[in-house]
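Listing of structure-v4.csv; format and content: CSV, C-alpha atoms.
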```
chain,number,residue,atom,x,y,z
A,1,MET,CA,0.0,0.0,0.0
A,2,ASN,CA,1.3,3.4,-0.9
A,3,GLN,CA,1.6,6.1,1.7
A,4,SER,CA,1.6,9.9,1.6
A,5,HIS,CA,3.1,12.6,3.8
A,6,SER,CA,1.2,15.7,4.8
A,7,THR,CA,2.4,18.9,6.2
A,8,ALA,CA,1.6,20.4,9.6
A,9,PRO,CA,-0.6,23.5,9.8
A,10,ARG,CA,1.6,26.6,9.3
A,11,ASN,CA,2.2,29.7,11.3
A,12,GLN,CA,1.9,33.1,9.6
A,13,HIS,CA,3.9,34.9,12.3
A,14,ALA,CA,7.6,35.7,12.4
A,15,VAL,CA,10.0,33.5,14.3
A,16,ALA,CA,10.0,35.8,17.3
A,17,ALA,CA,6.2,35.7,17.5
A,18,LEU,CA,6.4,31.9,17.3
A,19,ALA,CA,8.7,31.8,20.3
A,20,LEU,CA,6.2,34.0,22.2
A,21,LEU,CA,3.2,31.8,21.3
A,22,ALA,CA,5.1,28.7,22.4
A,23,THR,CA,5.2,30.1,25.9
A,24,LEU,CA,1.4,30.6,26.1
A,25,VAL,CA,-0.6,28.4,28.3
A,26,LEU,CA,-3.5,26.9,26.2
A,27,PRO,CA,-6.4,26.5,28.6
A,28,SER,CA,-9.3,24.2,27.9
A,29,LEU,CA,-12.3,26.6,27.5
A,30,SER,CA,-15.9,25.6,27.9
A,31,ALA,CA,-18.3,26.2,24.9
A,32,ALA,CA,-19.8,29.2,26.8
A,33,GLU,CA,-16.4,31.0,27.0
A,34,PRO,CA,-15.4,32.6,23.7
A,35,LEU,CA,-11.8,32.5,22.7
A,36,SER,CA,-9.9,35.7,23.1
A,37,PRO,CA,-8.1,36.9,19.9
A,38,THR,CA,-4.8,35.9,21.4
A,39,GLN,CA,-5.9,32.4,22.3
A,40,ALA,CA,-7.6,32.0,18.9
A,41,ARG,CA,-4.4,32.8,17.0
A,42,ALA,CA,-2.4,30.6,19.4
A,43,TRP,CA,-4.6,27.6,18.6
A,44,CYS,CA,-4.9,28.3,14.9
A,45,PHE,CA,-1.3,29.2,14.2
A,46,GLY,CA,0.7,27.8,17.1
A,47,THR,CA,3.3,25.0,16.9
A,48,GLY,CA,3.0,23.6,20.4
A,49,LYS,CA,0.8,20.8,21.7
A,50,ILE,CA,-2.5,21.8,20.2
A,51,SER,CA,-5.2,19.3,19.6
A,52,SER,CA,-7.1,19.1,16.3
A,53,ASP,CA,-10.2,20.3,18.0
A,54,GLN,CA,-8.4,23.3,19.4
A,55,ARG,CA,-6.8,24.0,16.0
A,56,ILE,CA,-10.2,24.0,14.3
A,57,GLU,CA,-11.8,26.1,17.1
A,58,GLY,CA,-9.0,28.6,17.0
A,59,CYS,CA,-9.1,29.0,13.2
A,60,THR,CA,-12.9,29.3,13.3
A,61,ALA,CA,-12.6,32.1,15.8
A,62,VAL,CA,-10.0,33.8,13.6
A,63,LEU,CA,-12.2,33.5,10.6
A,64,GLN,CA,-15.2,35.0,12.4
A,65,SER,CA,-13.3,38.2,12.7
A,66,SER,CA,-11.2,37.8,9.5
A,67,PRO,CA,-13.1,35.8,6.9
A,68,SER,CA,-10.4,36.3,4.3
A,69,ASP,CA,-7.5,34.9,6.3
A,70,ALA,CA,-6.1,32.4,3.8
A,71,MET,CA,-3.7,30.9,6.3
A,72,ALA,CA,-6.5,30.2,8.8
A,73,LEU,CA,-8.6,28.6,6.1
A,74,ALA,CA,-5.6,26.5,5.0
A,75,ASN,CA,-4.8,25.4,8.5
A,76,ARG,CA,-8.4,24.5,9.3
A,77,GLY,CA,-8.8,22.7,6.1
A,78,GLU,CA,-5.7,20.6,6.7
A,79,THR,CA,-6.8,19.8,10.2
A,80,TYR,CA,-10.2,18.7,8.9
A,81,ARG,CA,-8.4,16.3,6.6
A,82,ARG,CA,-6.3,14.9,9.4
A,83,LYS,CA,-9.5,14.3,11.3
A,84,GLY,CA,-10.9,12.3,8.4
A,85,ASP,CA,-13.2,14.9,7.0
A,86,PRO,CA,-11.9,15.5,3.5
A,87,GLU,CA,-15.1,17.2,2.3
A,88,ARG,CA,-14.7,20.0,4.8
A,89,ALA,CA,-11.0,20.1,4.0
A,90,VAL,CA,-11.6,20.7,0.4
A,91,ALA,CA,-14.2,23.4,1.1
A,92,ASP,CA,-11.7,25.3,3.3
A,93,LEU,CA,-8.8,24.8,0.9
A,94,ASN,CA,-10.8,25.9,-2.0
A,95,ARG,CA,-11.3,29.3,-0.3
A,96,ALA,CA,-7.7,29.4,0.8
A,97,ILE,CA,-6.4,28.8,-2.7
A,98,ASP,CA,-8.9,31.4,-4.2
A,99,LEU,CA,-7.4,34.0,-1.8
A,100,ASN,CA,-3.8,32.9,-2.3
A,101,PRO,CA,-3.3,30.9,-5.5
A,102,LYS,CA,0.5,30.9,-4.9
A,103,ASP,CA,0.3,28.9,-1.7
A,104,ALA,CA,2.0,25.6,-2.8
A,105,VAL,CA,1.2,23.9,0.5
A,106,ALA,CA,-2.5,24.6,0.1
A,107,TRP,CA,-2.5,23.0,-3.3
A,108,TYR,CA,-0.6,20.0,-2.0
A,109,ASN,CA,-2.9,19.6,1.0
A,110,ARG,CA,-6.0,19.8,-1.2
A,111,GLY,CA,-4.4,17.1,-3.4
A,112,ILE,CA,-4.1,14.9,-0.4
A,113,ALA,CA,-7.8,15.6,0.5
A,114,TYR,CA,-8.9,14.7,-3.0
A,115,ASP,CA,-6.8,11.5,-2.8
A,116,ASP,CA,-8.6,10.7,0.5
A,117,LEU,CA,-11.9,11.1,-1.5
A,118,GLY,CA,-10.6,8.8,-4.2
A,119,ASP,CA,-10.5,11.6,-6.8
A,120,ARG,CA,-7.1,10.8,-8.3
A,121,ASP,CA,-7.5,13.2,-11.3
A,122,HIS,CA,-8.1,16.3,-9.2
A,123,ALA,CA,-5.3,15.2,-6.8
A,124,ILE,CA,-2.9,15.0,-9.7
A,125,VAL,CA,-3.9,18.4,-10.9
A,126,ASP,CA,-3.3,19.9,-7.5
A,127,TYR,CA,0.0,18.2,-6.9
A,128,THR,CA,1.1,19.4,-10.4
A,129,ARG,CA,0.2,23.0,-9.4
A,130,ALA,CA,2.2,22.6,-6.1
A,131,ILE,CA,5.2,21.3,-8.1
A,132,ARG,CA,5.1,24.3,-10.4
A,133,LEU,CA,5.2,26.6,-7.5
A,134,ARG,CA,7.8,24.6,-5.5
A,135,PRO,CA,9.6,22.2,-7.9
A,136,SER,CA,12.2,21.2,-5.3
A,137,ASP,CA,9.9,19.5,-2.8
A,138,PRO,CA,10.2,15.7,-3.1
A,139,LEU,CA,6.9,15.2,-1.1
A,140,TYR,CA,4.9,16.6,-4.0
A,141,TYR,CA,6.4,14.2,-6.5
A,142,ASN,CA,6.0,11.3,-4.1
A,143,ASN,CA,2.3,12.0,-3.6
A,144,ARG,CA,1.6,12.6,-7.3
A,145,GLY,CA,3.3,9.3,-7.9
A,146,ASN,CA,0.9,7.6,-5.5
A,147,SER,CA,-2.1,9.1,-7.4
A,148,TYR,CA,-0.7,7.9,-10.7
A,149,SER,CA,-0.1,4.5,-9.2
A,150,ALA,CA,-3.7,4.3,-7.9
A,151,LYS,CA,-4.8,5.0,-11.6
A,152,ASN,CA,-2.4,2.1,-12.7
A,153,ASP,CA,-0.3,4.7,-14.6
A,154,HIS,CA,2.9,2.9,-13.8
A,155,GLU,CA,5.1,4.9,-16.1
A,156,HIS,CA,4.2,8.3,-14.7
A,157,ALA,CA,4.3,6.9,-11.1
A,158,LEU,CA,7.8,5.7,-11.5
A,159,ASP,CA,8.9,9.0,-13.1
A,160,ASP,CA,7.6,10.9,-10.0
A,161,TYR,CA,9.2,8.4,-7.5
A,162,ASN,CA,12.5,8.7,-9.4
A,163,GLN,CA,12.3,12.5,-9.2
A,164,ALA,CA,11.5,12.4,-5.5
A,165,ILE,CA,14.5,10.2,-4.8
A,166,LYS,CA,16.7,12.4,-7.0
A,167,LEU,CA,15.7,15.4,-4.9
A,168,ASP,CA,16.1,13.5,-1.6
A,169,PRO,CA,18.3,10.3,-1.9
A,170,LYS,CA,17.4,9.5,1.8
A,171,PHE,CA,13.7,9.7,1.3
A,172,ALA,CA,12.6,6.2,2.7
A,173,LEU,CA,8.9,6.7,1.8
A,174,ALA,CA,9.7,7.3,-1.9
A,175,TYR,CA,11.8,4.1,-2.0
A,176,TYR,CA,9.0,2.2,-0.3
A,177,ASN,CA,6.4,3.5,-2.8
A,178,ARG,CA,8.6,2.8,-5.8
A,179,GLY,CA,9.3,-0.6,-4.5
A,180,SER,CA,5.7,-1.3,-4.0
A,181,ALA,CA,4.9,-0.1,-7.5
A,182,TYR,CA,7.6,-2.5,-8.9
A,183,ARG,CA,6.1,-5.4,-6.9
A,184,GLU,CA,2.6,-4.7,-8.2
A,185,HIS,CA,4.1,-4.9,-11.7
A,186,GLN,CA,6.0,-8.2,-11.1
A,187,ASP,CA,9.4,-6.6,-11.0
A,188,ALA,CA,10.5,-8.4,-7.9
A,189,ASP,CA,14.2,-7.7,-8.1
A,190,ARG,CA,13.8,-3.9,-8.3
A,191,ALA,CA,11.1,-4.0,-5.7
A,192,LEU,CA,13.3,-5.9,-3.3
A,193,ALA,CA,16.2,-3.5,-3.8
A,194,ASP,CA,13.9,-0.5,-3.1
A,195,LEU,CA,12.4,-2.0,0.0
A,196,ASP,CA,15.8,-3.0,1.3
A,197,MET,CA,16.8,0.7,0.9
A,198,ALA,CA,13.7,1.9,2.6
A,199,ILE,CA,14.4,-0.3,5.6
A,200,LYS,CA,18.1,0.7,5.6
A,201,LEU,CA,17.1,4.4,5.8
A,202,ASP,CA,14.3,3.8,8.3
A,203,PRO,CA,14.7,0.5,10.2
A,204,ASN,CA,11.4,1.2,12.0
A,205,TYR,CA,9.3,1.5,8.8
A,206,GLY,CA,6.9,-1.3,9.3
A,207,PRO,CA,5.0,-1.3,6.0
A,208,ALA,CA,8.4,-1.9,4.2
A,209,TYR,CA,8.9,-5.1,6.1
A,210,GLY,CA,5.3,-6.2,5.2
A,211,ASN,CA,5.8,-5.7,1.5
A,212,ARG,CA,9.2,-7.2,1.5
A,213,ALA,CA,7.7,-10.2,3.3
A,214,ARG,CA,5.2,-10.6,0.4
A,215,ILE,CA,8.1,-10.8,-2.1
A,216,PHE,CA,9.8,-13.5,0.0
A,217,ARG,CA,6.5,-15.3,0.3
A,218,ASP,CA,5.9,-15.2,-3.4
A,219,ARG,CA,9.4,-16.6,-4.0
A,220,GLY,CA,8.7,-19.5,-1.6
A,221,ASP,CA,11.0,-18.2,1.1
A,222,ARG,CA,8.6,-18.6,4.0
A,223,THR,CA,11.3,-18.3,6.7
A,224,ARG,CA,12.3,-14.8,5.6
A,225,ALA,CA,8.7,-13.9,4.9
A,226,LEU,CA,7.6,-14.9,8.4
A,227,ALA,CA,10.6,-12.9,9.9
A,228,ASP,CA,9.6,-9.8,8.0
A,229,PHE,CA,5.9,-10.1,8.9
A,230,GLY,CA,6.9,-10.6,12.5
A,231,LYS,CA,8.9,-7.3,12.4
A,232,SER,CA,6.1,-5.5,10.7
A,233,LEU,CA,3.6,-6.6,13.4
A,234,GLU,CA,6.1,-5.8,16.1
A,235,LEU,CA,6.3,-2.2,14.8
A,236,ASN,CA,2.6,-1.9,14.0
A,237,PRO,CA,0.6,-4.4,16.1
A,238,ASN,CA,-2.7,-3.2,14.5
A,239,ASN,CA,-1.7,-4.1,10.9
A,240,ASP,CA,-4.6,-6.5,10.1
A,241,ARG,CA,-3.5,-7.2,6.6
A,242,ASP,CA,-0.1,-8.4,7.7
A,243,ALA,CA,-1.6,-10.5,10.4
A,244,TYR,CA,-3.9,-12.1,7.8
A,245,ALA,CA,-1.0,-12.7,5.4
A,246,ARG,CA,1.1,-14.3,8.0
A,247,ALA,CA,-1.8,-16.5,9.1
A,248,ASN,CA,-2.1,-17.8,5.5
A,249,ILE,CA,1.5,-18.8,5.5
A,250,TYR,CA,1.0,-20.7,8.8
A,251,LEU,CA,-2.1,-22.3,7.3
A,252,ASP,CA,-0.1,-23.5,4.3
A,253,GLN,CA,2.5,-24.9,6.6
A,254,HIS,CA,-0.2,-26.8,8.7
A,255,ASP,CA,0.6,-24.7,11.7
A,256,TYR,CA,-3.0,-24.4,12.5
A,257,VAL,CA,-2.8,-23.1,16.0
A,258,LEU,CA,-0.5,-20.2,15.0
A,259,ALA,CA,-2.8,-19.5,11.9
A,260,LEU,CA,-5.8,-19.3,14.2
A,261,ALA,CA,-4.1,-16.9,16.5
A,262,ASP,CA,-3.3,-14.5,13.6
A,263,TYR,CA,-6.8,-14.8,12.1
A,264,ASP,CA,-8.2,-13.9,15.5
A,265,ARG,CA,-5.9,-11.0,15.6
A,266,ALA,CA,-6.8,-9.8,12.1
A,267,ILE,CA,-10.5,-10.0,12.8
A,268,LYS,CA,-10.2,-8.2,16.2
A,269,ILE,CA,-8.5,-5.3,14.4
A,270,ASN,CA,-10.7,-5.2,11.4
A,271,ALA,CA,-13.8,-7.4,11.0
A,272,SER,CA,-14.8,-6.1,7.6
A,273,TYR,CA,-13.2,-8.7,5.3
A,274,ALA,CA,-15.2,-11.8,4.3
A,275,GLY,CA,-12.0,-13.7,3.3
A,276,VAL,CA,-10.6,-13.6,6.9
A,277,PHE,CA,-13.8,-15.1,8.3
A,278,ASN,CA,-13.7,-17.9,5.7
A,279,ALA,CA,-10.0,-18.6,6.5
A,280,ARG,CA,-10.8,-18.8,10.2
A,281,CYS,CA,-13.7,-21.0,9.4
A,282,MET,CA,-11.5,-23.4,7.6
A,283,THR,CA,-8.8,-23.4,10.3
A,284,ARG,CA,-11.4,-24.0,13.0
A,285,ALA,CA,-12.9,-26.8,11.1
A,286,ILE,CA,-9.4,-28.5,10.7
A,287,LEU,CA,-8.9,-28.0,14.5
A,288,GLY,CA,-12.3,-29.6,15.3
A,289,GLN,CA,-13.9,-26.4,16.5
A,290,LEU,CA,-16.9,-27.1,14.2
A,291,GLN,CA,-19.7,-24.9,15.6
A,292,GLU,CA,-17.4,-21.9,15.8
A,293,ALA,CA,-16.2,-22.7,12.3
A,294,LEU,CA,-19.8,-22.8,11.0
A,295,ALA,CA,-20.5,-19.4,12.6
A,296,ASP,CA,-17.5,-17.9,10.8
A,297,CYS,CA,-18.6,-19.4,7.5
A,298,GLU,CA,-22.0,-18.0,7.9
A,299,GLN,CA,-20.6,-14.6,8.7
A,300,SER,CA,-18.4,-14.7,5.6
A,301,LEU,CA,-21.4,-15.7,3.4
A,302,ARG,CA,-23.4,-12.8,4.8
A,303,MET,CA,-20.6,-10.5,3.6
A,304,ARG,CA,-19.9,-12.3,0.3
A,305,PRO,CA,-22.9,-14.5,-0.6
A,306,ASN,CA,-22.4,-17.5,-2.9
A,307,ASP,CA,-18.6,-17.5,-2.6
A,308,PRO,CA,-17.6,-21.0,-3.7
A,309,TYR,CA,-14.6,-21.2,-1.4
A,310,THR,CA,-16.7,-20.3,1.7
A,311,LEU,CA,-19.4,-22.7,0.6
A,312,ASP,CA,-16.7,-25.4,0.3
A,313,SER,CA,-15.4,-24.6,3.8
A,314,ARG,CA,-19.0,-24.8,5.3
A,315,ALA,CA,-19.5,-28.1,3.6
A,316,LEU,CA,-16.3,-29.4,5.2
A,317,CYS,CA,-17.7,-28.5,8.6
A,318,TYR,CA,-20.9,-30.5,7.8
A,319,LEU,CA,-18.7,-33.4,6.6
A,320,LYS,CA,-16.7,-33.5,9.8
A,321,LEU,CA,-19.9,-33.2,11.9
A,322,GLY,CA,-21.2,-36.3,10.1
A,323,ASN,CA,-24.1,-34.4,8.6
A,324,LEU,CA,-23.6,-36.0,5.2
A,325,ASP,CA,-26.8,-34.7,3.5
A,326,ALA,CA,-25.9,-31.1,4.4
A,327,ALA,CA,-22.3,-31.7,3.3
A,328,ILE,CA,-23.4,-33.1,-0.1
A,329,ALA,CA,-25.9,-30.2,-0.6
A,330,GLY,CA,-23.2,-27.7,0.4
A,331,TYR,CA,-20.6,-29.2,-2.0
A,332,ASP,CA,-23.3,-29.2,-4.8
A,333,THR,CA,-23.8,-25.4,-4.2
A,334,ALA,CA,-20.1,-24.7,-4.2
A,335,LEU,CA,-19.6,-26.7,-7.4
A,336,ALA,CA,-22.5,-24.9,-9.1
A,337,ALA,CA,-20.5,-21.7,-8.5
A,338,LYS,CA,-17.2,-23.2,-9.4
A,339,PRO,CA,-17.5,-26.6,-11.2
A,340,GLN,CA,-13.7,-27.4,-11.2
A,341,LEU,CA,-13.2,-26.8,-7.4
A,342,GLU,CA,-11.2,-29.9,-6.6
A,343,SER,CA,-11.7,-29.7,-2.8
A,344,ALA,CA,-15.5,-29.6,-3.3
A,345,LEU,CA,-15.4,-32.6,-5.7
A,346,TYR,CA,-13.2,-34.6,-3.3
A,347,GLY,CA,-15.2,-33.7,-0.2
A,348,ARG,CA,-18.5,-34.6,-2.0
A,349,GLY,CA,-16.8,-37.9,-3.0
A,350,ILE,CA,-16.0,-38.7,0.6
A,351,ALA,CA,-19.5,-37.8,1.7
A,352,ARG,CA,-21.0,-40.0,-1.1
A,353,ARG,CA,-18.7,-42.9,-0.1
A,354,ARG,CA,-19.8,-42.6,3.5
A,355,LYS,CA,-23.5,-42.6,2.3
A,356,GLY,CA,-22.8,-45.8,0.3
A,357,ASP,CA,-22.8,-44.3,-3.1
A,358,ALA,CA,-19.7,-46.0,-4.4
A,359,ASP,CA,-20.0,-45.0,-8.0
A,360,GLY,CA,-20.7,-41.4,-7.3
A,361,ALA,CA,-17.8,-41.3,-4.9
A,362,GLU,CA,-15.4,-42.8,-7.4
A,363,ARG,CA,-16.4,-40.3,-10.1
A,364,ASP,CA,-16.0,-37.3,-7.8
A,365,ILE,CA,-12.7,-38.4,-6.3
A,366,ALA,CA,-11.2,-39.2,-9.7
A,367,ALA,CA,-12.3,-35.8,-11.0
A,368,ALA,CA,-10.7,-34.1,-8.0
A,369,LYS,CA,-7.4,-36.0,-8.4
A,370,ALA,CA,-7.3,-35.2,-12.1
A,371,ILE,CA,-7.2,-31.5,-11.1
A,372,ASN,CA,-5.0,-31.9,-8.1
A,373,ALA,CA,-3.1,-35.2,-7.6
A,374,GLY,CA,-2.3,-34.3,-4.0
A,375,ILE,CA,-5.8,-33.6,-2.9
A,376,ALA,CA,-6.0,-36.7,-0.7
A,377,ASP,CA,-3.0,-35.5,1.3
A,378,GLU,CA,-4.6,-32.1,1.8
A,379,PHE,CA,-7.7,-33.7,3.2
A,380,ALA,CA,-5.6,-35.9,5.5
A,381,HIS,CA,-4.4,-32.7,7.1
A,382,TYR,CA,-8.0,-31.7,7.5
A,383,GLY,CA,-8.6,-34.9,9.5
A,384,VAL,CA,-10.7,-36.4,6.7
A,385,GLU,CA,-9.7,-39.6,4.9
```
Would you kindly transcribe this structure into structure tokens?
Amino acid sequence: MNQSHSTAPRNQHAVAALALLATLVLPSLSAAEPLSPTQARAWCFGTGKISSDQRIEGCTAVLQSSPSDAMALANRGETYRRKGDPERAVADLNRAIDLNPKDAVAWYNRGIAYDDLGDRDHAIVDYTRAIRLRPSDPLYYNNRGNSYSAKNDHEHALDDYNQAIKLDPKFALAYYNRGSAYREHQDADRALADLDMAIKLDPNYGPAYGNRARIFRDRGDRTRALADFGKSLELNPNNDRDAYARANIYLDQHDYVLALADYDRAIKINASYAGVFNARCMTRAILGQLQEALADCEQSLRMRPNDPYTLDSRALCYLKLGNLDAAIAGYDTALAAKPQLESALYGRGIARRRKGDADGAERDIAAAKAINAGIADEFAHYGVE
């Protein structure tokens, strides 16, 4: 995943005034107590420990008395963006730019807000304007590269990342983003070199470890992949995607207890992905936690109805519970969605054999083995033979 940098709200005062503001005590005022002009400017333009709510309140108070204060609008807009309200951010930054079209940072911050809204075209226009005003800032190229990358414009994205790195050869984020772009376009060697450099420049940059882990995983080097996923999760314990990715490696290695722990972790952080519930359903079924597994499969199917892989996992639960009719019906549904799903063919064959349908069982098992010669060994790991 590409990442962006944003700038902090700016102060319009001279350095001497900044020093004075830094010494001010910033009290917590009740809603009934209006801010004094000095407090409003301290909260809007100060550089000390000022919360987002204080920044917005201060800038709002400044704007009540000076509606055309472009810097107050720019600072409030950027603070709205940081709080996750890009619509208000764009509204304030529109006014700030109208008042001061030469403010490169305002163009840049509005570009980030448009990116947050998923409007890559407007973001690119704004980053380009910021670059024209300040062509020596590597952040602007990096973020425009991210927008191009999101549009799958690989060539322009690489051009921008290259320029960002040329301007700042120690810019770890640009190496990470360029490496991620290379990985997405199957250039693993260049991707690995860039991610190595990002980690060298910033050893605590968790996402770089996560993306490097994916390269090692895709190359079959599970040991190094697990090490990098471990480092990523050490640095960022709430990275649900890396917890999910590591769980999948454990599942493939038949380390089911470790896989279950990571699926639990991923769901606790972010319960919005159907695939994680399906994976935990499968893992719980293998471990014999069948009722819990069924609950996970049902949740996954509510989120992604008729998914053949989840239907297959649910049928495995029924098979292990001994509910053969439900298992066969479940495998039928999975195969209707994906006729060549070998695990569903093999599972249905096992269920039919247990029901005494030798011919049907033989046909299904033979069809499954024609697709995957090792399917019987996989089911042995599931506890089904």
Next item on the list: Just give me the gap between atom CA of A:Ser65 and atom CA of A:Tyr108 in Å, one decimal is fine.
Entry: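 Those two atoms sit 26.6 Å apart.
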Margin query: Taking 6 positions as the minimum chain separation for residues in the same chain, which residues sit within 8 Å of A:Ala157 when counting all atoms listed in the file? Answer as a list in words.
Written below: Arg144, Gly145, Asn146, Ser147, Tyr148, Ser149, Arg178 and Ala181 of chain A
Note to self: I'd like the interatomic distance between atom CA of A:Gly360 and atom CA of A:Glu342, to a tenth of an Å.
What the structure shows: 14.9 Å
Checklist line | Who sits within 10 Å of A:Asn239, only C-alpha atoms, same chain under 3 positions skipped, as a list in words | finding: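 My list of contacting residues is Gly206, Pro207, Gly210, Phe229, Ser232, Leu233, Glu234, Leu235, Asn236, Asp242, Ala243, Tyr244, Arg265, Ala266, Ile269 and Asn270 of chain A.
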Checklist line | Neighbours of point (8.6, -3.4, 6.7) within 12 Å, using all atoms listed in the file, written as a PyMOL selection string | finding: chain A and resi 1+172-173+175-177+179-180+192+194-215+225-236+239+242
Check: Quick one: distance from atom CA of A:Leu260 to atom CA of A:Lys338 in Å, one decimal?
Finding: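 Distance between the two atoms: 26.5 Å.
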Note to self: Using only C-alpha atoms, which protein or nucleic acid residues come within 9 Å of stretch 150-154 of chain A? Drop anything in the same chain fewer than 6 positions from it, and give the result as a list in words.
What the structure shows: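 My reading of the contact set: Asn2, Arg120, Asp121, Ala181, Tyr182 and His185 of chain A.
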Margin query: Please determine, counting only C-alpha atoms, which residue among A:Glu378, A:Asp221, A:Asp325, A:Asp69 has the shortest atom-to-atom distance to A:Tyr346.
Written below: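 When distances to A:Tyr346 are compared using only C-alpha atoms, the smallest one comes from A:Glu378.
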Checklist line | Residues within 8 Å of A:Gln54, all atoms listed in the file, excluding chain neighbours under 4 positions, as a PyMOL selection string | finding: chain A and resi 43-44+50+58
Checklist line | Close residues, A:Leu133 itself excluded, 8 Å, all atoms listed in the file, min 4 positions apart in chain, as number ranges by chain | finding: A: 102-104, 129
Please return as a short mmCIF file (atom, residue, chain, number, x, y, z; two decimals) with C-alpha atoms, in the coordinates of the input every residue within 12 Å of (-10.0, 21.7, 14.3), taking into account all atoms listed in the file and the file's own coordinates.
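Saved file point-v2.cif follows:
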```
data_model
loop_
_atom_site.label_atom_id
_atom_site.label_comp_id
_atom_site.auth_asym_id
_atom_site.auth_seq_id
_atom_site.Cartn_x
_atom_site.Cartn_y
_atom_site.Cartn_z
CA PRO A 9 -0.60 23.50 9.80
CA ALA A 40 -7.60 32.00 18.90
CA TRP A 43 -4.60 27.60 18.60
CA CYS A 44 -4.90 28.30 14.90
CA PHE A 45 -1.30 29.20 14.20
CA ILE A 50 -2.50 21.80 20.20
CA SER A 51 -5.20 19.30 19.60
CA SER A 52 -7.10 19.10 16.30
CA ASP A 53 -10.20 20.30 18.00
CA GLN A 54 -8.40 23.30 19.40
CA ARG A 55 -6.80 24.00 16.00
CA ILE A 56 -10.20 24.00 14.30
CA GLU A 57 -11.80 26.10 17.10
CA GLY A 58 -9.00 28.60 17.00
CA CYS A 59 -9.10 29.00 13.20
CA THR A 60 -12.90 29.30 13.30
CA ALA A 61 -12.60 32.10 15.80
CA ALA A 72 -6.50 30.20 8.80
CA LEU A 73 -8.60 28.60 6.10
CA ALA A 74 -5.60 26.50 5.00
CA ASN A 75 -4.80 25.40 8.50
CA ARG A 76 -8.40 24.50 9.30
CA GLY A 77 -8.80 22.70 6.10
CA GLU A 78 -5.70 20.60 6.70
CA THR A 79 -6.80 19.80 10.20
CA TYR A 80 -10.20 18.70 8.90
CA ARG A 81 -8.40 16.30 6.60
CA ARG A 82 -6.30 14.90 9.40
CA LYS A 83 -9.50 14.30 11.30
CA GLY A 84 -10.90 12.30 8.40
CA ASP A 85 -13.20 14.90 7.00
CA ARG A 88 -14.70 20.00 4.80
CA ALA A 89 -11.00 20.10 4.00
CA ASP A 92 -11.70 25.30 3.30
#
```
Do you have, as a tab-separated table, the list of residues of stretch 347-374 of chain A lying at most 10 Å from stretch 296-315 of chain A, each with its nearest atom pair and that distance in Å to one decimal, counting only C-alpha atoms and ordered by chain then number?
```
residue	atom	partner	partner_atom	distance
A:Gly347	CA	A:Ala315	CA	8.0
A:Arg348	CA	A:Ala315	CA	8.6
A:Ala351	CA	A:Ala315	CA	9.9
```
Just the selected residues (C-alpha atoms), exported as a short mmCIF file (atom, residue, chain, number, x, y, z; two decimals), in the frame of the given file, please.
```cif
data_model
loop_
_atom_site.label_atom_id
_atom_site.label_comp_id
_atom_site.auth_asym_id
_atom_site.auth_seq_id
_atom_site.Cartn_x
_atom_site.Cartn_y
_atom_site.Cartn_z
CA GLY A 347 -15.20 -33.70 -0.20
CA ARG A 348 -18.50 -34.60 -2.00
CA ALA A 351 -19.50 -37.80 1.70
#
```
Next item on the list: Go through A:Pro67, A:Gly275, A:Gly383, A:Pro339 and flag the residue nearest A:Leu319, using all atoms listed in the file for the distances.
Entry: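 Closest residue, counting all atoms listed in the file: A:Gly383.
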Note to self: From the options A:Asp240, A:Met71, A:Tyr161, A:Pro34, which residue's atoms come nearest to A:Ala271, counting only C-alpha atoms?
What the structure shows: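 That would be A:Asp240, the residue with the smallest distance to A:Ala271.
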Checklist line | Selected residue, from A:Ala344, A:Ala174, A:Cys317, A:Ile375, that lies nearest to A:Asn278 when counting all atoms listed in the file | finding: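 Looking at the shortest contact to A:Asn278, the residue is A:Cys317.
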